[in-house]
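S.K.: Here it is, the structure, as structure tokens.
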Protein chains: 2
Amino acid sequence: MNLADLETPRLVLDASKMEANISRMKRHLAGLGVQLRPHVKTCKSIEVARRLMETPAGPIAVSTLKEAEQFLENGVTDILYAVGIAPAKLDHVVALRSRGADLCVVVDSIEAAHAVATRRADIPALIEIDCDGHRAGVKPGDPVLLDIAATLSGGTVLRGVMTHAGDAYNCRTTEAIAAMAEQERRAVVESAAMLRDAGHAAPVVSVGSTPTATFARNLEGVTEVRAGVFVFQDLVMAGLGVCGVEDIAVSVLATVIGHRKDKGWIITDGGWMAMSRDRGTATQAVDQGYGVVCDASGTPVEDLIVADANQEHGIVGRRGGGALDVTRYPLGTRLRILPNHACATVAQHDSYHVVRQDQKVIDHWPRFNGW
Amino acid sequence: MNLADLETPRLVLDASKMEANISRMKRHLAGLGVQLRPHVKTCKSIEVARRLMETPAGPIAVSTLKEAEQFLENGVTDILYAVGIAPAKLDHVVALRSRGADLCVVVDSIEAAHAVATRRADIPALIEIDCDGHRAGVKPGDPVLLDIAATLSGGTVLRGVMTHAGDAYNCRTTEAIAAMAEQERRAVVESAAMLRDAGHAAPVVSVGSTPTATFARNLEGVTEVRAGVFVFQDLVMAGLGVCGVEDIAVSVLATVIGHRKDKGWIITDGGWMAMSRDRGTATQAVDQGYGVVCDASGTPVEDLIVADANQEHGIVGRRGGGALDVTRYPLGTRLRILPNHACATVAQHDSYHVVRQDQKVIDHWPRFNGW
């Protein structure tokens, strides 16, 4: 089967690009002496995860218990649920642990620690540290860290600390990302030291984000790096300098369904239902609209972007609205659109159509959504 | 089962509000003497569609052939595929027609008309008219309309004309929407007259969008109205004056997983994966962030919105960032979030948990995605 045989829109994954992205990250982290714990919230596919994981059993990080469940069914047992635990989800956590998952949870408050500890199920936990004021977590140096650790000690296993430098997405230079990686590292290494000084083992010191993982120069004291989107890369990552546009491994195959010659528009069947509503590049130096338009081989053409999108219509035009000879893209022409945010775009699809550089579909990998 | 028993995030549908939305629209259109052809791209659920349709066989409008396929399997046969047809999809159209679907396609160019006609399968077609410069379609009065009609006559059945006033979403007043409804009506009524003057029957004159359907005062010459989002309503529609916030029938149930007291943030497990990345209210007078926050009963509380969202984290704060006593929302508190754009938010979920005013889950309706 060829890409030309697929009814559109469909999600395409270039396995060669994906493998190069994986190798690059693994090489970099191996050089820094830390383990990769791939975040499978991006791919939600066992086929992709198998190419990411060090062993068939993991490790992985997940963002939902559905992911933990699905990957456990496929033999993955070393799982970090990297989102603060809701007390009502602890029964589900215990059920997954009883089925063989070494499932570890995350807490950032005495209330959450208390909920985990009083469950009395020896659920392992990491304490989340806030390295950048971005989202959740205990501020580095805040003595509440020791209160949380003491609360956990009552009925659970304190594994250590974790953080996520989400603010790295707002950095303007790769130098700033490298500085953020060091800030991320110090936040958890110092927090782990604080725990150890108080008599807690805290063997795990976990950091992660694709930008900081890419530009980190020193990860001393860190035991693992969580990163997800690097496996596919995307336009937001390209805008940050994390990758080149040519490294992006996923695209949405779409078909030209009409034209507006007067406006220089090509209309395709790749709307926001196929691309997602993510406009992550809107605040970057180069706004890529709803995605960069490539020809059927995956090469960007004529500075075209998806300038606007309705549910099942993509409006393709030149960046900035310049004149375009739309007759070069007759009705039925196949295009491939590179996404702003891979996690959001692939989530709009139920499977990957796998190619390897050319347009021959060599595999078809299912993915899942939900909670 | 109660909402409190559901693992979060989950999609909730208040059937009472939905039924009121449906009744209101049907009453209004009956008063104007036109038929409703509900656009089921919003719900993608046969259970919801059954409450919308005039008969078990339809009519409906769909945005994908997957919708046509799924609804046909449930006995719906009167189907308009309201997105310009890609020639490569005609085999699929013919297959669905051979299975009993009276499936009608849309064209807006001689090229597309030629593709449909040369298929020689008597596929019925509507010609799309561009009433507002928003997207696809033939401009009213453009003589190419007759060339397209003549091309279709070769091997298909010209049913008539259709248009969609997508620009109504950008109107600032309900008066402007009413004027847009009249512009929408005139565009197709005049185009139908042009076709009839040239000897084409053109029995169908189809318009549609929830805003114009709501504020249309005269639909003389129109035979049917397509509208979708009115069934659930959403914050974008409330911002346009189409409905009140209290009419919104869908919400995302989420759980408090943490706090940032210093920032006045409540962190929930309702991130953009549960809400979608849609920020449709960002350009309206009142920006609702990623959604308006309600208590578990569905009533908005303390002017809270989802101010920011990560994949599985919603960051809830007061609109404008004012001080908030986060201790009123302890860990584990259930909240319900009203969406910017119902079509985008419900597409992030695989089913509706149906309630009727209170929090008892009375039904569970599957929905589907894909192409």
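So you can find residues: chains in the structure tokens are A, B, ... in the order shown, residues in each start at 1, and ligands are numbered from 1 in order.
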Could you please tell me, as a PyMOL selection string, which residues of chain A have an atom within 6 Å of chain B when using only C-alpha atoms?

M.R.: chain A and resi 84+86+257+277-278+332

S.K.: For stretch 20-28 of chain B, please output as a count of residues only all residues within 10 Å (counting only C-alpha atoms; exclusion window: fewer than 4 positions along the same chain).

M.R.: 28

S.K.: Mind fitting chain B onto chain A over all Cα atoms in sequence order and sending the result as a compact mmCIF listing (two decimals) with C-alpha atoms, in the first residue's frame?

M.R.:
```txt
# COMPACT_ATOMS: atom_id res chain seq x y z
CA MET B 1 0.01 0.01 0.01
CA ASN B 2 1.07 3.56 -0.74
CA LEU B 3 0.15 6.86 0.88
CA ALA B 4 -1.74 7.60 -2.35
CA ASP B 5 -4.13 4.71 -1.53
CA LEU B 6 -5.20 6.08 1.86
CA GLU B 7 -8.48 7.90 2.32
CA THR B 8 -7.62 11.26 3.90
CA PRO B 9 -7.00 12.74 6.37
CA ARG B 10 -4.65 10.19 7.92
CA LEU B 11 -1.66 10.29 10.28
CA VAL B 12 1.72 9.39 8.79
CA LEU B 13 4.81 8.43 10.78
CA ASP B 14 8.24 8.35 9.16
CA ALA B 15 10.02 5.58 11.07
CA SER B 16 13.48 6.64 9.84
CA LYS B 17 13.08 10.13 11.28
CA MET B 18 11.65 8.72 14.52
CA GLU B 19 14.56 6.32 14.93
CA ALA B 20 17.05 9.13 14.32
CA ASN B 21 15.30 11.27 16.96
CA ILE B 22 15.43 8.41 19.46
CA SER B 23 19.11 7.64 18.78
CA ARG B 24 20.11 11.28 19.11
CA MET B 25 18.44 11.64 22.51
CA LYS B 26 19.73 8.32 23.84
CA ARG B 27 23.28 9.13 22.75
CA HIS B 28 23.11 12.52 24.41
CA LEU B 29 21.77 11.18 27.71
CA ALA B 30 24.19 8.25 27.73
CA GLY B 31 26.99 10.81 27.39
CA LEU B 32 25.63 12.57 30.48
CA GLY B 33 25.37 9.27 32.34
CA VAL B 34 21.61 9.20 32.93
CA GLN B 35 18.80 6.87 32.00
CA LEU B 36 15.93 7.86 29.71
CA ARG B 37 12.41 7.26 31.03
CA PRO B 38 10.45 8.02 27.85
CA HIS B 39 7.14 9.80 28.39
CA VAL B 40 4.65 7.76 26.37
CA LYS B 41 1.87 10.37 26.64
CA THR B 42 3.09 11.55 23.24
CA CYS B 43 2.85 8.29 21.32
CA LYS B 44 0.30 6.18 23.29
CA SER B 45 1.42 3.26 21.15
CA ILE B 46 3.20 0.12 22.27
CA GLU B 47 4.95 -0.14 18.89
CA VAL B 48 6.50 3.29 19.32
CA ALA B 49 7.20 2.66 23.01
CA ARG B 50 9.11 -0.55 22.21
CA ARG B 51 11.50 1.50 20.11
CA LEU B 52 11.92 3.99 22.95
CA MET B 53 12.29 1.74 25.98
CA GLU B 54 15.52 0.30 27.29
CA THR B 55 13.86 -3.07 28.05
CA PRO B 56 10.44 -4.58 27.24
CA ALA B 57 9.44 -3.82 30.84
CA GLY B 58 10.28 -0.11 30.65
CA PRO B 59 10.93 2.28 32.20
CA ILE B 60 8.22 4.69 31.04
CA ALA B 61 6.40 7.76 32.31
CA VAL B 62 2.65 8.08 31.72
CA SER B 63 0.16 10.94 32.05
CA THR B 64 -2.98 8.82 32.64
CA LEU B 65 -3.86 5.54 34.35
CA LYS B 66 -5.29 4.41 31.01
CA GLU B 67 -1.74 4.58 29.63
CA ALA B 68 -0.47 2.61 32.64
CA GLU B 69 -3.19 0.02 32.03
CA GLN B 70 -2.57 -0.32 28.29
CA PHE B 71 1.21 -0.54 28.57
CA LEU B 72 0.99 -2.99 31.48
CA GLU B 73 -1.16 -5.22 29.26
CA ASN B 74 1.77 -5.17 26.85
CA GLY B 75 4.33 -6.23 29.44
CA VAL B 76 5.58 -2.83 30.62
CA THR B 77 5.89 -2.81 34.41
CA ASP B 78 8.27 0.05 35.39
CA ILE B 79 5.80 2.94 35.24
CA LEU B 80 5.82 6.45 36.71
CA TYR B 81 2.40 8.16 36.69
CA ALA B 82 3.83 11.66 36.38
CA VAL B 83 0.69 13.69 37.22
CA GLY B 84 -0.27 14.54 40.82
CA ILE B 85 -2.43 11.75 42.18
CA ALA B 86 -6.12 12.32 42.93
CA PRO B 87 -7.10 10.33 46.04
CA ALA B 88 -10.05 8.72 44.20
CA LYS B 89 -7.58 7.15 41.74
CA LEU B 90 -5.66 5.22 44.41
CA ASP B 91 -7.89 2.13 44.12
CA HIS B 92 -7.07 2.01 40.43
CA VAL B 93 -3.36 2.41 41.23
CA VAL B 94 -3.53 -0.44 43.74
CA ALA B 95 -5.35 -2.65 41.22
CA LEU B 96 -2.66 -2.01 38.60
CA ARG B 97 0.08 -2.72 41.15
CA SER B 98 -1.60 -6.00 42.11
CA ARG B 99 -1.48 -6.98 38.44
CA GLY B 100 2.30 -6.57 38.40
CA ALA B 101 2.92 -2.90 37.66
CA ASP B 102 5.66 -1.22 39.66
CA LEU B 103 3.53 1.90 39.42
CA CYS B 104 4.87 4.98 41.20
CA VAL B 105 2.75 8.07 41.94
CA VAL B 106 3.53 11.77 42.44
CA VAL B 107 2.50 14.05 45.32
CA ASP B 108 3.23 17.69 46.12
CA SER B 109 1.25 18.33 49.32
CA ILE B 110 0.72 16.93 52.79
CA GLU B 111 -2.92 16.27 51.83
CA ALA B 112 -1.93 14.08 48.88
CA ALA B 113 0.83 12.36 50.87
CA HIS B 114 -1.69 11.63 53.62
CA ALA B 115 -4.13 10.10 51.11
CA VAL B 116 -1.43 7.82 49.69
CA ALA B 117 -0.01 6.86 53.10
CA THR B 118 -3.37 6.09 54.72
CA ARG B 119 -4.19 3.77 51.80
CA ARG B 120 -1.53 1.52 53.48
CA ALA B 121 -0.67 -0.24 50.23
CA ASP B 122 3.07 0.55 50.05
CA ILE B 123 2.51 2.62 46.92
CA PRO B 124 5.83 4.19 45.93
CA ALA B 125 5.78 7.97 45.53
CA LEU B 126 7.94 10.81 44.26
CA ILE B 127 7.58 14.32 45.62
CA GLU B 128 7.12 16.89 42.86
CA ILE B 129 9.39 19.93 42.97
CA ASP B 130 8.53 23.21 41.24
CA CYS B 131 11.74 24.27 39.50
CA ASP B 132 10.27 27.19 37.50
CA GLY B 133 6.96 28.44 38.96
CA HIS B 134 5.24 26.89 35.99
CA ARG B 135 2.68 24.52 37.45
CA ALA B 136 2.64 22.14 40.43
CA GLY B 137 5.25 21.20 43.02
CA VAL B 138 7.04 22.19 46.21
CA LYS B 139 9.43 25.15 45.87
CA PRO B 140 13.08 24.15 46.31
CA GLY B 141 14.15 24.74 49.89
CA ASP B 142 10.60 24.88 51.25
CA PRO B 143 10.62 22.96 54.56
CA VAL B 144 7.18 21.50 53.72
CA LEU B 145 9.19 18.98 51.68
CA LEU B 146 10.21 17.26 54.91
CA ASP B 147 6.63 17.33 56.24
CA ILE B 148 5.43 15.64 53.05
CA ALA B 149 8.24 13.07 53.33
CA ALA B 150 7.36 12.39 56.96
CA THR B 151 3.68 11.99 56.05
CA LEU B 152 4.55 9.53 53.30
CA SER B 153 6.77 7.51 55.64
CA GLY B 154 3.67 6.43 57.50
CA GLY B 155 2.45 3.96 54.87
CA THR B 156 4.21 4.26 51.57
CA VAL B 157 7.66 4.15 49.97
CA LEU B 158 9.34 7.49 49.31
CA ARG B 159 11.26 6.95 46.10
CA GLY B 160 12.61 10.46 45.66
CA VAL B 161 11.87 13.65 43.78
CA MET B 162 10.83 14.76 40.30
CA THR B 163 10.35 18.01 38.42
CA HIS B 164 9.36 19.25 34.97
CA ALA B 165 10.74 22.51 33.52
CA GLY B 166 7.60 23.39 31.59
CA ASP B 167 8.78 26.97 31.34
CA ALA B 168 11.53 25.81 28.97
CA TYR B 169 8.89 26.07 26.24
CA ASN B 170 8.95 29.84 26.71
CA CYS B 171 12.74 30.21 26.34
CA ARG B 172 13.91 32.35 23.44
CA THR B 173 17.43 30.92 22.96
CA THR B 174 19.06 27.52 23.30
CA GLU B 175 21.41 29.17 25.82
CA ALA B 176 18.36 30.02 27.95
CA ILE B 177 17.15 26.41 27.66
CA ALA B 178 20.57 25.14 28.81
CA ALA B 179 20.34 27.49 31.81
CA MET B 180 16.81 26.19 32.49
CA ALA B 181 18.16 22.61 32.39
CA GLU B 182 20.69 23.51 35.06
CA GLN B 183 17.95 25.20 37.14
CA GLU B 184 15.83 22.04 36.76
CA ARG B 185 18.76 19.83 37.82
CA ARG B 186 19.66 21.93 40.86
CA ALA B 187 16.05 22.09 42.07
CA VAL B 188 15.78 18.31 42.39
CA VAL B 189 19.37 17.54 43.37
CA GLU B 190 19.14 20.02 46.26
CA SER B 191 15.71 18.71 47.26
CA ALA B 192 17.01 15.13 47.24
CA ALA B 193 19.92 16.24 49.44
CA MET B 194 17.48 17.86 51.87
CA LEU B 195 15.55 14.58 52.08
CA ARG B 196 18.70 12.51 52.54
CA ASP B 197 19.97 14.86 55.25
CA ALA B 198 16.72 14.12 57.08
CA GLY B 199 17.28 10.38 56.77
CA HIS B 200 15.19 9.54 53.70
CA ALA B 201 16.81 7.38 51.02
CA ALA B 202 15.38 9.22 47.97
CA PRO B 203 17.12 7.06 45.36
CA VAL B 204 15.26 8.60 42.37
CA VAL B 205 16.04 12.09 41.10
CA SER B 206 13.95 12.64 37.98
CA VAL B 207 13.87 15.62 35.61
CA GLY B 208 12.36 16.13 32.24
CA SER B 209 11.19 18.03 29.22
CA THR B 210 12.35 17.61 25.65
CA PRO B 211 13.96 21.08 25.47
CA THR B 212 15.94 20.77 28.72
CA ALA B 213 16.85 17.14 27.99
CA THR B 214 18.23 18.25 24.62
CA PHE B 215 20.37 21.13 25.89
CA ALA B 216 21.40 19.85 29.34
CA ARG B 217 25.21 19.91 29.70
CA ASN B 218 25.50 18.39 33.15
CA LEU B 219 23.07 16.06 34.88
CA GLU B 220 25.15 15.22 37.93
CA GLY B 221 22.96 13.85 40.71
CA VAL B 222 20.06 13.18 38.34
CA THR B 223 19.14 9.51 37.90
CA GLU B 224 16.64 9.71 35.03
CA VAL B 225 15.29 12.04 32.37
CA ARG B 226 11.66 12.01 31.27
CA ALA B 227 10.98 13.32 27.78
CA GLY B 228 8.21 12.59 25.30
CA VAL B 229 7.79 14.80 22.27
CA PHE B 230 11.39 14.32 21.02
CA VAL B 231 10.33 10.96 19.57
CA PHE B 232 8.32 12.75 16.86
CA GLN B 233 9.49 16.37 17.25
CA ASP B 234 7.23 19.18 15.98
CA LEU B 235 7.13 22.80 14.85
CA VAL B 236 7.16 24.14 18.41
CA MET B 237 10.38 22.20 19.04
CA ALA B 238 11.80 23.45 15.72
CA GLY B 239 10.90 27.00 16.76
CA LEU B 240 12.86 26.49 19.99
CA GLY B 241 15.90 25.18 18.09
CA VAL B 242 15.47 21.69 19.58
CA CYS B 243 15.25 20.13 16.10
CA GLY B 244 15.04 21.06 12.46
CA VAL B 245 11.76 21.03 10.53
CA GLU B 246 13.25 18.10 8.57
CA ASP B 247 13.42 16.02 11.78
CA ILE B 248 9.65 16.05 12.34
CA ALA B 249 8.54 12.42 12.03
CA VAL B 250 4.73 12.83 12.01
CA SER B 251 2.53 14.56 9.46
CA VAL B 252 -1.12 14.58 8.45
CA LEU B 253 -1.86 13.42 4.92
CA ALA B 254 -4.57 15.60 3.37
CA THR B 255 -6.20 16.07 -0.04
CA VAL B 256 -6.93 19.24 -1.98
CA ILE B 257 -10.73 19.60 -2.19
CA GLY B 258 -10.99 23.11 -3.65
CA HIS B 259 -9.43 26.50 -4.36
CA ARG B 260 -10.09 30.18 -3.93
CA LYS B 261 -7.98 31.63 -6.71
CA ASP B 262 -8.88 35.21 -5.78
CA LYS B 263 -7.53 34.74 -2.25
CA GLY B 264 -4.59 32.45 -3.06
CA TRP B 265 -6.14 29.68 -0.97
CA ILE B 266 -5.97 25.92 -1.41
CA ILE B 267 -8.68 24.15 0.56
CA THR B 268 -7.92 20.67 1.93
CA ASP B 269 -9.70 18.07 4.02
CA GLY B 270 -7.11 18.52 6.78
CA GLY B 271 -8.97 20.75 9.23
CA TRP B 272 -8.55 21.14 12.97
CA MET B 273 -10.10 17.74 13.63
CA ALA B 274 -7.05 16.24 11.89
CA MET B 275 -4.45 18.79 13.10
CA SER B 276 -5.88 19.63 16.58
CA ARG B 277 -6.61 23.17 17.68
CA ASP B 278 -3.03 23.59 18.95
CA ARG B 279 -1.50 26.93 17.93
CA GLY B 280 1.72 26.51 19.87
CA THR B 281 3.83 28.45 17.37
CA ALA B 282 1.54 31.52 17.61
CA THR B 283 3.74 32.99 20.34
CA GLN B 284 7.05 32.00 18.73
CA ALA B 285 9.15 34.09 16.35
CA VAL B 286 7.69 32.23 13.35
CA ASP B 287 3.95 31.55 13.51
CA GLN B 288 3.29 28.35 11.54
CA GLY B 289 -0.52 28.66 11.56
CA TYR B 290 -2.02 25.19 11.93
CA GLY B 291 1.02 23.59 10.31
CA VAL B 292 3.65 23.64 7.60
CA VAL B 293 2.55 22.22 4.25
CA CYS B 294 4.70 19.63 2.49
CA ASP B 295 4.29 17.74 -0.76
CA ALA B 296 3.40 14.05 -0.68
CA SER B 297 7.04 13.13 -0.08
CA GLY B 298 7.17 15.24 3.07
CA THR B 299 9.19 18.21 1.78
CA PRO B 300 7.92 21.73 2.64
CA VAL B 301 6.66 23.60 -0.44
CA GLU B 302 6.49 27.29 -1.38
CA ASP B 303 6.36 28.58 2.20
CA LEU B 304 2.80 27.24 2.49
CA ILE B 305 1.10 26.93 5.87
CA VAL B 306 -2.39 25.98 7.02
CA ALA B 307 -3.41 29.59 7.59
CA ASP B 308 -6.79 28.76 9.09
CA ALA B 309 -8.79 25.66 9.90
CA ASN B 310 -12.40 24.65 10.33
CA GLN B 311 -13.46 21.24 11.61
CA GLU B 312 -12.83 19.39 8.33
CA HIS B 313 -11.39 22.16 6.15
CA GLY B 314 -7.81 23.38 6.11
CA ILE B 315 -7.20 26.71 4.40
CA VAL B 316 -3.71 26.64 2.92
CA GLY B 317 -1.97 29.79 1.78
CA ARG B 318 1.42 31.39 1.63
CA ARG B 319 2.79 32.54 4.95
CA GLY B 320 1.84 36.20 5.20
CA GLY B 321 -0.82 35.82 2.51
CA GLY B 322 1.31 36.37 -0.62
CA ALA B 323 0.10 35.55 -4.14
CA LEU B 324 -0.01 31.87 -5.03
CA ASP B 325 -0.64 30.01 -8.26
CA VAL B 326 -3.15 27.53 -6.85
CA THR B 327 -3.36 25.66 -10.18
CA ARG B 328 -0.09 23.95 -9.21
CA TYR B 329 -2.13 22.03 -6.63
CA PRO B 330 -5.08 20.63 -8.59
CA LEU B 331 -8.11 18.97 -7.03
CA GLY B 332 -7.06 15.65 -5.50
CA THR B 333 -3.41 16.65 -4.85
CA ARG B 334 -1.98 14.97 -1.74
CA LEU B 335 -0.19 17.16 0.82
CA ARG B 336 1.41 16.39 4.17
CA ILE B 337 1.09 18.83 7.06
CA LEU B 338 3.68 19.06 9.85
CA PRO B 339 2.09 19.74 13.24
CA ASN B 340 2.64 22.51 15.77
CA HIS B 341 2.43 20.09 18.66
CA ALA B 342 2.89 16.39 18.03
CA CYS B 343 1.17 15.26 21.27
CA ALA B 344 -2.02 17.15 20.33
CA THR B 345 -2.07 16.22 16.65
CA VAL B 346 -1.46 12.49 16.98
CA ALA B 347 -4.21 12.39 19.65
CA GLN B 348 -6.71 13.27 16.90
CA HIS B 349 -5.97 9.92 15.19
CA ASP B 350 -6.39 6.27 16.11
CA SER B 351 -3.31 4.91 14.31
CA TYR B 352 -0.01 5.65 12.64
CA HIS B 353 0.56 4.84 8.96
CA VAL B 354 4.25 4.06 8.99
CA VAL B 355 6.55 4.94 6.10
CA ARG B 356 10.32 4.88 5.81
CA GLN B 357 11.54 7.88 3.79
CA ASP B 358 9.46 7.01 0.70
CA GLN B 359 5.66 6.82 0.37
CA LYS B 360 5.21 3.08 0.81
CA VAL B 361 3.12 2.24 3.88
CA ILE B 362 5.13 -0.47 5.64
CA ASP B 363 3.14 -0.76 8.83
CA HIS B 364 0.01 0.37 10.67
CA TRP B 365 0.33 0.92 14.40
CA PRO B 366 -2.72 1.50 16.61
CA ARG B 367 -2.75 4.16 19.31
CA PHE B 368 -5.28 4.96 22.02
CA ASN B 369 -6.73 7.92 23.91
CA GLY B 370 -8.85 8.37 26.99
CA TRP B 371 -8.53 7.93 30.71
```

S.K.: As a PyMOL selection string, list the residues of stretch 156-312 of chain B assigned to alpha helix (DSSP H) by DSSP on the backbone atoms of this structure.

M.R.: chain B and resi 174-197+210-215+235-240+272-275

S.K.: Can those selected residues be exported to a file as a short mmCIF file (atom, residue, chain, number, x, y, z; two decimals), in the first residue's frame so that it contains N, CA and C atoms?

M.R.:
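The file below, again-v9.cif, is the result:
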```cif
data_model
loop_
_atom_site.label_atom_id
_atom_site.label_comp_id
_atom_site.auth_asym_id
_atom_site.auth_seq_id
_atom_site.Cartn_x
_atom_site.Cartn_y
_atom_site.Cartn_z
N THR B 174 -26.04 40.57 17.85
CA THR B 174 -27.05 39.66 17.31
C THR B 174 -27.72 40.30 16.09
N GLU B 175 -27.75 41.62 16.05
CA GLU B 175 -28.28 42.33 14.87
C GLU B 175 -27.42 42.00 13.65
N ALA B 176 -26.11 41.98 13.84
CA ALA B 176 -25.18 41.65 12.74
C ALA B 176 -25.38 40.20 12.31
N ILE B 177 -25.67 39.31 13.27
CA ILE B 177 -25.90 37.90 12.90
C ILE B 177 -27.19 37.78 12.09
N ALA B 178 -28.22 38.53 12.49
CA ALA B 178 -29.49 38.50 11.73
C ALA B 178 -29.25 38.98 10.30
N ALA B 179 -28.43 40.03 10.16
CA ALA B 179 -28.11 40.54 8.81
C ALA B 179 -27.33 39.48 8.03
N MET B 180 -26.44 38.77 8.71
CA MET B 180 -25.67 37.70 8.06
C MET B 180 -26.60 36.57 7.62
N ALA B 181 -27.62 36.27 8.42
CA ALA B 181 -28.59 35.23 8.06
C ALA B 181 -29.32 35.62 6.77
N GLU B 182 -29.64 36.89 6.65
CA GLU B 182 -30.33 37.35 5.44
C GLU B 182 -29.38 37.28 4.23
N GLN B 183 -28.12 37.64 4.46
CA GLN B 183 -27.10 37.55 3.39
C GLN B 183 -26.93 36.09 2.95
N GLU B 184 -26.93 35.19 3.92
CA GLU B 184 -26.80 33.75 3.65
C GLU B 184 -28.00 33.27 2.81
N ARG B 185 -29.20 33.67 3.25
CA ARG B 185 -30.43 33.29 2.55
C ARG B 185 -30.40 33.78 1.10
N ARG B 186 -30.11 35.09 0.93
CA ARG B 186 -30.15 35.66 -0.42
C ARG B 186 -29.14 35.00 -1.34
N ALA B 187 -27.97 34.67 -0.81
CA ALA B 187 -26.92 34.07 -1.65
C ALA B 187 -27.42 32.78 -2.30
N VAL B 188 -28.09 31.93 -1.52
CA VAL B 188 -28.53 30.65 -2.10
C VAL B 188 -29.84 30.77 -2.85
N VAL B 189 -30.74 31.63 -2.37
CA VAL B 189 -32.03 31.77 -3.08
C VAL B 189 -31.79 32.33 -4.47
N GLU B 190 -30.90 33.33 -4.57
CA GLU B 190 -30.59 33.91 -5.89
C GLU B 190 -29.84 32.92 -6.77
N SER B 191 -28.97 32.13 -6.16
CA SER B 191 -28.23 31.13 -6.95
C SER B 191 -29.18 30.05 -7.46
N ALA B 192 -30.13 29.64 -6.61
CA ALA B 192 -31.12 28.64 -7.04
C ALA B 192 -31.95 29.19 -8.20
N ALA B 193 -32.30 30.48 -8.10
CA ALA B 193 -33.10 31.10 -9.18
C ALA B 193 -32.31 31.11 -10.49
N MET B 194 -31.02 31.39 -10.39
CA MET B 194 -30.15 31.41 -11.57
C MET B 194 -30.13 30.02 -12.23
N LEU B 195 -30.06 28.98 -11.39
CA LEU B 195 -30.07 27.61 -11.91
C LEU B 195 -31.41 27.29 -12.55
N ARG B 196 -32.48 27.68 -11.88
CA ARG B 196 -33.82 27.35 -12.41
C ARG B 196 -34.08 28.09 -13.71
N ASP B 197 -33.61 29.35 -13.78
CA ASP B 197 -33.76 30.11 -15.03
C ASP B 197 -33.06 29.40 -16.19
N THR B 210 -25.19 27.61 13.39
CA THR B 210 -26.03 27.82 14.58
C THR B 210 -26.35 29.30 14.80
N PRO B 211 -25.37 30.22 14.65
CA PRO B 211 -25.74 31.62 14.89
C PRO B 211 -26.80 32.13 13.91
N THR B 212 -26.61 31.89 12.60
CA THR B 212 -27.58 32.43 11.64
C THR B 212 -28.92 31.71 11.79
N ALA B 213 -28.91 30.41 12.07
CA ALA B 213 -30.17 29.68 12.26
C ALA B 213 -30.94 30.29 13.43
N THR B 214 -30.21 30.68 14.47
CA THR B 214 -30.85 31.21 15.68
C THR B 214 -31.49 32.58 15.44
N PHE B 215 -30.83 33.44 14.66
CA PHE B 215 -31.30 34.82 14.53
C PHE B 215 -31.96 35.12 13.19
N LEU B 235 -19.37 28.07 25.08
CA LEU B 235 -19.03 29.43 25.50
C LEU B 235 -18.88 30.38 24.32
N VAL B 236 -18.44 29.88 23.17
CA VAL B 236 -18.37 30.74 21.99
C VAL B 236 -19.78 31.19 21.61
N MET B 237 -20.73 30.27 21.64
CA MET B 237 -22.12 30.63 21.32
C MET B 237 -22.67 31.61 22.38
N ALA B 238 -22.33 31.39 23.64
CA ALA B 238 -22.78 32.31 24.69
C ALA B 238 -22.18 33.70 24.46
N GLY B 239 -20.91 33.73 24.04
CA GLY B 239 -20.25 35.00 23.76
C GLY B 239 -20.89 35.75 22.60
N LEU B 240 -21.50 35.01 21.68
CA LEU B 240 -22.18 35.62 20.53
C LEU B 240 -23.62 36.02 20.88
N TRP B 272 -5.68 20.06 28.56
CA TRP B 272 -6.18 20.27 27.19
C TRP B 272 -6.56 18.95 26.52
N MET B 273 -6.05 17.82 27.01
CA MET B 273 -6.48 16.56 26.41
C MET B 273 -7.98 16.36 26.68
N ALA B 274 -8.47 16.83 27.79
CA ALA B 274 -9.89 16.69 28.12
C ALA B 274 -10.74 17.84 27.57
N MET B 275 -10.14 19.03 27.44
CA MET B 275 -10.90 20.22 27.01
C MET B 275 -10.76 20.51 25.53
#
```

S.K.: Tell me, which residues of stretch 59-211 of chain B carry DSSP strand (DSSP E or B), written as an NGL selection string?

M.R.: :B and (60-62 or 78-84 or 102-107 or 124-129 or 138 or 157-163 or 204-207)
